[in-house]
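Below is target_39.txt, holding compact mmCIF, C-alpha atoms.
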```
# COMPACT_ATOMS: atom_id res chain seq x y z
CA MET G 186 -18.28 -2.63 -3.74
CA ASP G 187 -17.13 -3.26 -7.25
CA ARG G 188 -14.46 -0.63 -7.47
CA ILE G 189 -10.95 -1.63 -6.56
CA PRO G 190 -9.26 1.19 -4.64
CA ILE G 191 -6.04 2.66 -6.00
CA LEU G 192 -3.76 3.80 -3.20
CA ARG G 193 -1.05 6.38 -3.65
CA ILE G 194 2.29 5.80 -1.96
CA GLY G 195 4.65 8.62 -2.83
CA GLU G 196 5.27 8.43 -6.58
CA MET G 197 3.75 4.96 -6.84
CA LEU G 198 0.22 3.60 -7.05
CA LEU G 199 -0.79 0.41 -5.28
CA VAL G 200 -3.67 -1.81 -6.36
CA SER G 201 -4.54 -4.76 -4.14
CA ILE G 202 -6.79 -7.22 -5.92
CA GLN G 203 -8.89 -9.11 -3.39
CA VAL G 204 -12.06 -9.94 -5.26
CA ASP G 205 -12.81 -12.19 -8.19
CA LEU G 206 -12.39 -9.93 -11.18
CA GLN G 207 -15.38 -9.72 -13.49
CA ASP G 208 -15.22 -8.15 -16.93
CA HIS G 209 -16.64 -4.81 -15.87
CA THR G 210 -14.56 -4.63 -12.65
CA ALA G 211 -11.42 -5.22 -14.70
CA LEU G 212 -12.37 -2.60 -17.28
CA MET G 213 -13.20 -0.09 -14.56
CA LEU G 214 -9.88 -0.78 -12.86
CA GLN G 215 -7.96 -0.15 -16.08
CA ASP G 216 -9.91 3.06 -16.60
CA ASP G 217 -9.43 4.28 -13.02
CA LEU G 218 -5.77 3.34 -13.03
CA SER G 219 -4.88 5.17 -16.23
CA ASN G 220 -6.75 8.24 -14.98
CA ARG G 221 -4.89 8.14 -11.67
CA ILE G 222 -1.52 7.78 -13.41
CA VAL G 223 -2.23 10.91 -15.43
CA GLU G 224 -3.63 12.85 -12.44
CA THR G 225 -0.80 12.01 -10.08
CA GLY G 226 2.08 11.65 -12.52
CA ALA G 227 2.89 8.32 -10.88
CA LYS G 228 6.06 6.61 -12.08
CA GLY G 229 5.16 3.11 -10.98
CA VAL G 230 2.24 0.77 -10.40
CA LEU G 231 2.24 -2.12 -7.91
CA ILE G 232 -0.39 -4.80 -8.40
CA ASP G 233 -0.73 -6.98 -5.31
CA ILE G 234 -2.24 -10.39 -6.03
CA SER G 235 -1.43 -12.07 -2.71
CA ALA G 236 -5.13 -12.66 -2.07
CA LEU G 237 -5.63 -14.47 -5.38
CA GLU G 238 -5.54 -18.25 -5.26
CA ILE G 239 -6.24 -18.60 -8.96
CA VAL G 240 -4.86 -16.55 -11.83
CA ASP G 241 -6.47 -17.64 -15.08
CA SER G 242 -5.87 -16.39 -18.62
CA PHE G 243 -8.42 -13.60 -18.13
CA ILE G 244 -6.61 -12.11 -15.13
CA GLY G 245 -3.25 -12.74 -16.79
CA ARG G 246 -4.32 -10.81 -19.87
CA MET G 247 -5.81 -8.06 -17.73
CA ILE G 248 -2.49 -7.62 -15.89
CA SER G 249 -0.53 -7.57 -19.16
CA THR G 250 -2.87 -4.99 -20.70
CA THR G 251 -2.74 -2.82 -17.59
CA ALA G 252 1.06 -2.93 -17.68
CA ALA G 253 1.08 -2.01 -21.38
CA VAL G 254 -1.26 0.95 -20.84
CA SER G 255 0.79 2.12 -17.85
CA ARG G 256 4.00 1.91 -19.87
CA VAL G 257 2.53 4.18 -22.54
CA LEU G 258 1.75 6.61 -19.72
CA ASP G 259 5.38 6.35 -18.53
CA ALA G 260 4.74 4.20 -15.46
CA GLU G 261 6.31 0.81 -14.79
CA THR G 262 4.29 -2.10 -13.44
CA VAL G 263 5.40 -4.65 -10.86
CA VAL G 264 3.21 -7.57 -9.78
CA VAL G 265 3.78 -8.50 -6.14
CA GLY G 266 2.73 -11.18 -3.68
CA MET G 267 2.15 -14.04 -6.10
CA GLN G 268 1.44 -17.28 -4.24
CA PRO G 269 3.71 -20.22 -5.12
CA ALA G 270 0.76 -22.29 -6.39
CA VAL G 271 -0.23 -19.45 -8.71
CA ALA G 272 3.30 -19.25 -10.12
CA ILE G 273 3.27 -23.01 -10.80
CA THR G 274 -0.12 -22.84 -12.51
CA LEU G 275 0.94 -19.90 -14.65
CA VAL G 276 3.95 -21.80 -15.93
CA GLU G 277 1.97 -25.00 -16.45
CA LEU G 278 -0.66 -23.11 -18.44
CA GLY G 279 2.06 -21.40 -20.45
CA LEU G 280 0.79 -17.98 -19.38
CA THR G 281 3.60 -15.49 -19.33
CA LEU G 282 2.92 -12.10 -17.85
CA SER G 283 4.66 -10.42 -20.75
CA GLY G 284 6.21 -7.06 -20.05
CA VAL G 285 5.51 -7.33 -16.33
CA ARG G 286 8.14 -7.56 -13.61
CA THR G 287 7.44 -9.37 -10.37
CA ALA G 288 8.60 -9.00 -6.78
CA LEU G 289 8.00 -11.08 -3.67
CA ASP G 290 6.18 -8.42 -1.69
CA VAL G 291 5.10 -4.77 -1.73
CA ASP G 292 8.23 -3.65 0.05
CA ARG G 293 10.59 -5.20 -2.52
CA GLY G 294 8.36 -4.05 -5.36
CA LEU G 295 8.49 -0.47 -4.10
CA ARG G 296 12.26 -0.64 -3.84
CA MET G 297 12.52 -2.11 -7.34
CA LEU G 298 10.38 0.69 -8.76
CA ARG G 299 12.24 3.41 -6.86
CA ASP G 300 15.59 2.08 -8.09
CA SER G 301 14.48 2.04 -11.71
CA VAL G 302 12.77 5.43 -11.50
CA GLU G 303 15.68 7.28 -9.96
CA ILE G 304 17.26 9.60 -12.49
CA PRO G 305 21.00 9.03 -12.75
CA VAL G 306 23.00 12.14 -11.92
CA VAL G 307 25.01 13.13 -14.98
CA GLY G 308 27.76 15.73 -15.28
CA ARG G 309 28.39 16.05 -11.57
CA GLY G 310 31.84 14.50 -11.84
CA VAL G 311 34.57 16.20 -9.84
CA SER G 312 37.79 16.55 -11.82
CA PRO G 313 40.48 14.53 -10.08
CA ASP G 314 43.23 16.37 -8.31
CA ASP G 315 46.38 15.22 -10.02
CA GLY G 316 48.63 16.49 -7.25
CA ARG G 317 50.85 18.73 -9.33
CA ALA G 318 51.82 21.89 -7.47
CA ASP G 319 51.99 24.20 -10.48
CA MET O 135 -11.01 -15.41 -0.75
CA ASP O 136 -11.87 -14.59 2.82
CA ARG O 137 -8.46 -13.51 4.02
CA ILE O 138 -7.63 -9.83 3.83
CA PRO O 139 -3.99 -9.38 2.77
CA ILE O 140 -1.66 -7.45 5.04
CA LEU O 141 0.97 -5.57 3.05
CA ARG O 142 4.27 -4.46 4.47
CA ILE O 143 5.60 -1.03 3.55
CA GLY O 144 8.85 -0.41 5.36
CA GLU O 145 8.07 -0.32 9.07
CA MET O 146 4.33 -0.08 8.48
CA LEU O 147 1.59 -2.56 7.65
CA LEU O 148 -1.23 -1.72 5.26
CA VAL O 149 -4.63 -3.35 5.30
CA SER O 150 -7.06 -2.42 2.54
CA ILE O 151 -10.59 -3.52 3.38
CA GLN O 152 -12.55 -4.10 0.20
CA VAL O 153 -15.05 -6.76 1.15
CA ASP O 154 -18.02 -6.80 3.48
CA LEU O 155 -16.56 -7.94 6.77
CA GLN O 156 -18.19 -10.97 8.33
CA ASP O 157 -17.53 -12.06 11.89
CA HIS O 158 -14.97 -14.69 10.99
CA THR O 159 -13.18 -12.50 8.42
CA ALA O 160 -12.84 -9.77 11.03
CA LEU O 161 -11.55 -12.19 13.67
CA MET O 162 -9.08 -13.69 11.21
CA LEU O 163 -7.87 -10.20 10.25
CA GLN O 164 -7.25 -9.29 13.90
CA ASP O 165 -5.41 -12.55 14.40
CA ASP O 166 -3.30 -12.19 11.23
CA LEU O 167 -2.56 -8.55 11.96
CA SER O 168 -1.33 -9.08 15.50
CA ASN O 169 0.86 -11.96 14.30
CA ARG O 170 2.33 -9.82 11.53
CA ILE O 171 3.05 -6.95 13.95
CA VAL O 172 5.00 -9.32 16.18
CA GLU O 173 6.80 -10.99 13.24
CA THR O 174 7.81 -7.78 11.50
CA GLY O 175 8.18 -5.46 14.47
CA ALA O 176 5.97 -2.98 12.62
CA LYS O 177 5.54 0.41 14.27
CA GLY O 178 2.35 1.41 12.52
CA VAL O 179 -0.79 0.03 10.93
CA LEU O 180 -2.74 1.72 8.14
CA ILE O 181 -6.33 0.60 7.60
CA ASP O 182 -7.66 1.76 4.25
CA ILE O 183 -11.45 1.93 4.11
CA SER O 184 -11.79 3.89 0.86
CA ALA O 185 -13.73 1.02 -0.70
CA LEU O 186 -16.30 0.93 2.11
CA GLU O 187 -19.54 2.79 1.49
CA ILE O 188 -21.01 1.81 4.83
CA VAL O 189 -19.30 1.63 8.20
CA ASP O 190 -21.68 0.27 10.81
CA SER O 191 -21.18 -0.32 14.52
CA PHE O 192 -19.68 -3.77 13.85
CA ILE O 193 -16.92 -2.45 11.59
CA GLY O 194 -16.44 0.55 13.89
CA ARG O 195 -15.92 -1.72 16.88
CA MET O 196 -13.64 -4.00 14.87
CA ILE O 197 -11.43 -1.03 13.93
CA SER O 198 -11.30 0.20 17.54
CA THR O 199 -10.40 -3.27 18.85
CA THR O 200 -7.73 -3.72 16.18
CA ALA O 201 -6.23 -0.36 17.13
CA ALA O 202 -6.27 -1.29 20.83
CA VAL O 203 -4.55 -4.63 20.17
CA SER O 204 -1.96 -2.96 17.95
CA ARG O 205 -1.26 -0.34 20.62
CA VAL O 206 -0.52 -3.05 23.16
CA LEU O 207 1.94 -4.45 20.61
CA ASP O 208 3.54 -0.99 20.28
CA ALA O 209 2.10 -0.12 16.87
CA GLU O 210 -0.05 2.91 16.11
CA THR O 211 -3.14 2.71 13.93
CA VAL O 212 -4.30 5.24 11.36
CA VAL O 213 -7.54 4.83 9.39
CA VAL O 214 -7.26 6.29 5.90
CA GLY O 215 -9.48 6.98 2.91
CA MET O 216 -12.79 7.44 4.70
CA GLN O 217 -15.49 8.58 2.29
CA PRO O 218 -17.31 11.81 3.25
CA ALA O 219 -20.66 9.99 3.49
CA VAL O 220 -19.14 7.47 5.89
CA ALA O 221 -17.81 10.26 8.11
CA ILE O 222 -21.27 11.88 8.21
CA THR O 223 -22.95 8.58 9.09
CA LEU O 224 -20.42 7.83 11.81
CA VAL O 225 -21.10 11.17 13.49
CA GLU O 226 -24.86 10.85 13.07
CA LEU O 227 -24.79 7.39 14.63
CA GLY O 228 -22.61 8.66 17.44
CA LEU O 229 -19.89 6.13 16.59
CA THR O 230 -16.51 7.46 17.55
CA LEU O 231 -13.48 5.50 16.46
CA SER O 232 -11.95 5.83 19.89
CA GLY O 233 -8.17 5.73 20.04
CA VAL O 234 -7.86 5.79 16.26
CA ARG O 235 -6.32 8.57 14.22
CA THR O 236 -7.46 9.27 10.69
CA ALA O 237 -5.79 10.65 7.56
CA LEU O 238 -7.16 11.53 4.13
CA ASP O 239 -5.14 8.99 2.17
CA VAL O 240 -2.43 6.35 2.49
CA ASP O 241 0.31 8.84 1.66
CA ARG O 242 -0.65 11.23 4.46
CA GLY O 243 -1.26 8.34 6.84
CA LEU O 244 2.22 6.99 6.16
CA ARG O 245 3.74 10.41 6.77
CA MET O 246 1.75 10.78 10.00
CA LEU O 247 2.97 7.41 11.25
CA ARG O 248 6.58 8.07 10.24
CA ASP O 249 6.55 11.44 12.01
CA SER O 250 5.23 9.94 15.23
CA VAL O 251 7.54 6.92 15.09
CA GLU O 252 10.75 8.84 14.44
CA ILE O 253 12.99 8.89 17.48
CA PRO O 254 14.06 12.43 18.28
CA VAL O 255 17.81 12.94 18.07
CA VAL O 256 19.10 14.15 21.45
CA GLY O 257 22.49 15.59 22.36
CA ARG O 258 23.64 16.30 18.82
CA GLY O 259 23.67 20.09 19.34
CA VAL O 260 26.62 21.90 17.78
CA SER O 261 27.98 24.66 20.01
CA PRO O 262 27.58 27.97 18.18
CA ASP O 263 30.67 29.74 16.94
CA ASP O 264 30.66 33.07 18.75
CA GLY O 265 33.11 34.68 16.37
CA ARG O 266 35.72 35.67 18.94
CA ALA O 267 39.27 35.31 17.58
CA ASP O 268 40.92 34.33 20.83
```

The structure given in the file should be rewritten as structure tokens.
Amino acid sequence: MDRIPILRIGEMLLVSIQVDLQDHTALMLQDDLSNRIVETGAKGVLIDISALEIVDSFIGRMISTTAAVSRVLDAETVVVGMQPAVAITLVELGLTLSGVRTALDVDRGLRMLRDSVEIPVVGRGVSPDDGRAD
Amino acid sequence: MDRIPILRIGEMLLVSIQVDLQDHTALMLQDDLSNRIVETGAKGVLIDISALEIVDSFIGRMISTTAAVSRVLDAETVVVGMQPAVAITLVELGLTLSGVRTALDVDRGLRMLRDSVEIPVVGRGVSPDDGRAD
């Protein structure tokens, strides 16, 4: 079991990382994910790291690269479920997840993605009635 | 990392099983899941097994028990992402996931749960206009 499943939820893709990422698992995930984005036309990617107790520079870089690749394919990335200890370590190590947004949980992440994906309606303005009779 | 994360998506909970389940992992999952159902008032549980290449009698029983516990707590369970080979093996072994519904993927499972959870609107009927002038 070295393939991390990519789950589709509407227009979004969800990846829940539960295992220690090795080089080839990470590469395979990036490969699978970019393929799925193209196949499904997904507009957003959620990466759940709630099961991770340690995020080192390798995983940090992997997440940043994945987000960069997704962006090129027109999908936004949100990292969700980060444990408080992980956040502290990231800051202490000076690792910034550049170009990646974060949310507390999957639910908020989904909402964040949906809000930013929604296309604003333009040109639907109703001309105001100015009340003049003729 | 022996705790399987439980992700909330709206009124549903999603569990993606990616690791070989041991006795204590399975027990912990059942415990965590029932607690989360009570905490969140979730109406449905999705168990994603797309990463599993083998489903033996132990996992089969675990899924059935989880579904039974969830039902008592007023949440329906849908198993999603079963690989074709797993389905064949289940039938060959005579393992039926009793009381558990299945769906092809998370998206369809979510829709299935939402459809069955939705409360039918009663008494909103609009009386038809019969066209008579007086």

Please tabulate, as a tab-separated table, the residues of chain O that come within 8 Å of chain G, each with its closest pair of atoms and the distance in Å to one decimal, counting only C-alpha atoms and ordering rows by chain, then residue number upward.
```
residue	atom	partner	partner_atom	distance
O:Met135	CA	G:Ala236	CA	6.6
O:Arg137	CA	G:Ala236	CA	7.0
O:Ile138	CA	G:Ala236	CA	7.0
O:Pro139	CA	G:Ala236	CA	6.0
O:Leu141	CA	G:Val291	CA	6.4
O:Arg142	CA	G:Asp292	CA	6.0
O:Ile143	CA	G:Asp292	CA	5.1
O:Gly144	CA	G:Asp292	CA	6.3
O:Ser150	CA	G:Ser201	CA	7.5
O:Gln152	CA	G:Met186	CA	7.1
O:Val153	CA	G:Met186	CA	7.2
O:Ser184	CA	G:Pro190	CA	6.6
O:Ala185	CA	G:Pro190	CA	6.0
O:Leu186	CA	G:Met186	CA	7.1
O:Glu187	CA	G:Met186	CA	7.6
O:Asp239	CA	G:Arg193	CA	7.6
O:Val240	CA	G:Arg193	CA	6.3
O:Asp241	CA	G:Ile194	CA	5.1
```

Taking (-9.1, 1.5, 20.0) in the file's coordinates, which residues come within 10 Å, counting all atoms listed in the file, written as a PDB file with C-alpha atoms, in the frame of the given file?
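Below is the file that was written, point-v4.pdb:
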```pdb
ATOM      1  CA  GLY O 194     -16.440   0.550  13.890  1.00  0.00           C
ATOM      2  CA  ARG O 195     -15.920  -1.720  16.880  1.00  0.00           C
ATOM      3  CA  MET O 196     -13.640  -4.000  14.870  1.00  0.00           C
ATOM      4  CA  ILE O 197     -11.430  -1.030  13.930  1.00  0.00           C
ATOM      5  CA  SER O 198     -11.300   0.200  17.540  1.00  0.00           C
ATOM      6  CA  THR O 199     -10.400  -3.270  18.850  1.00  0.00           C
ATOM      7  CA  THR O 200      -7.730  -3.720  16.180  1.00  0.00           C
ATOM      8  CA  ALA O 201      -6.230  -0.360  17.130  1.00  0.00           C
ATOM      9  CA  ALA O 202      -6.270  -1.290  20.830  1.00  0.00           C
ATOM     10  CA  VAL O 203      -4.550  -4.630  20.170  1.00  0.00           C
ATOM     11  CA  SER O 204      -1.960  -2.960  17.950  1.00  0.00           C
ATOM     12  CA  ARG O 205      -1.260  -0.340  20.620  1.00  0.00           C
ATOM     13  CA  GLU O 210      -0.050   2.910  16.110  1.00  0.00           C
ATOM     14  CA  THR O 211      -3.140   2.710  13.930  1.00  0.00           C
ATOM     15  CA  THR O 230     -16.510   7.460  17.550  1.00  0.00           C
ATOM     16  CA  LEU O 231     -13.480   5.500  16.460  1.00  0.00           C
ATOM     17  CA  SER O 232     -11.950   5.830  19.890  1.00  0.00           C
ATOM     18  CA  GLY O 233      -8.170   5.730  20.040  1.00  0.00           C
ATOM     19  CA  VAL O 234      -7.860   5.790  16.260  1.00  0.00           C
ATOM     20  CA  ARG O 235      -6.320   8.570  14.220  1.00  0.00           C
TER      21      ARG O 235
END
```

Quiz prompt | Coordinates-based distance that separates CA of Leu167 (chain O) from CA of Leu180 (chain O) (Å, one decimal) | solution = 11.0 Å

Quiz prompt | Surrounding residues of Ala209 (chain O) excluding itself and chain neighbours under 5 positions, 7 Å, only C-alpha atoms, as a PyMOL selection string | solution = chain O and resi 176-179+204

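CA of Ile232 (chain G) is found 18.7 Å from CA of Ile273 (chain G).
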
Practice problem: Between CA of Gly279 (chain G) and CA of Val264 (chain G), measure the distance and give it in Å to one decimal. | Solution: 17.5 Å

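Of the residues under consideration (O:Leu227, O:Val172, O:Leu155, O:Met246), O:Val172 shows the shortest atom-to-atom contact distance to Val206 (chain O) when counting all atoms listed in the file.
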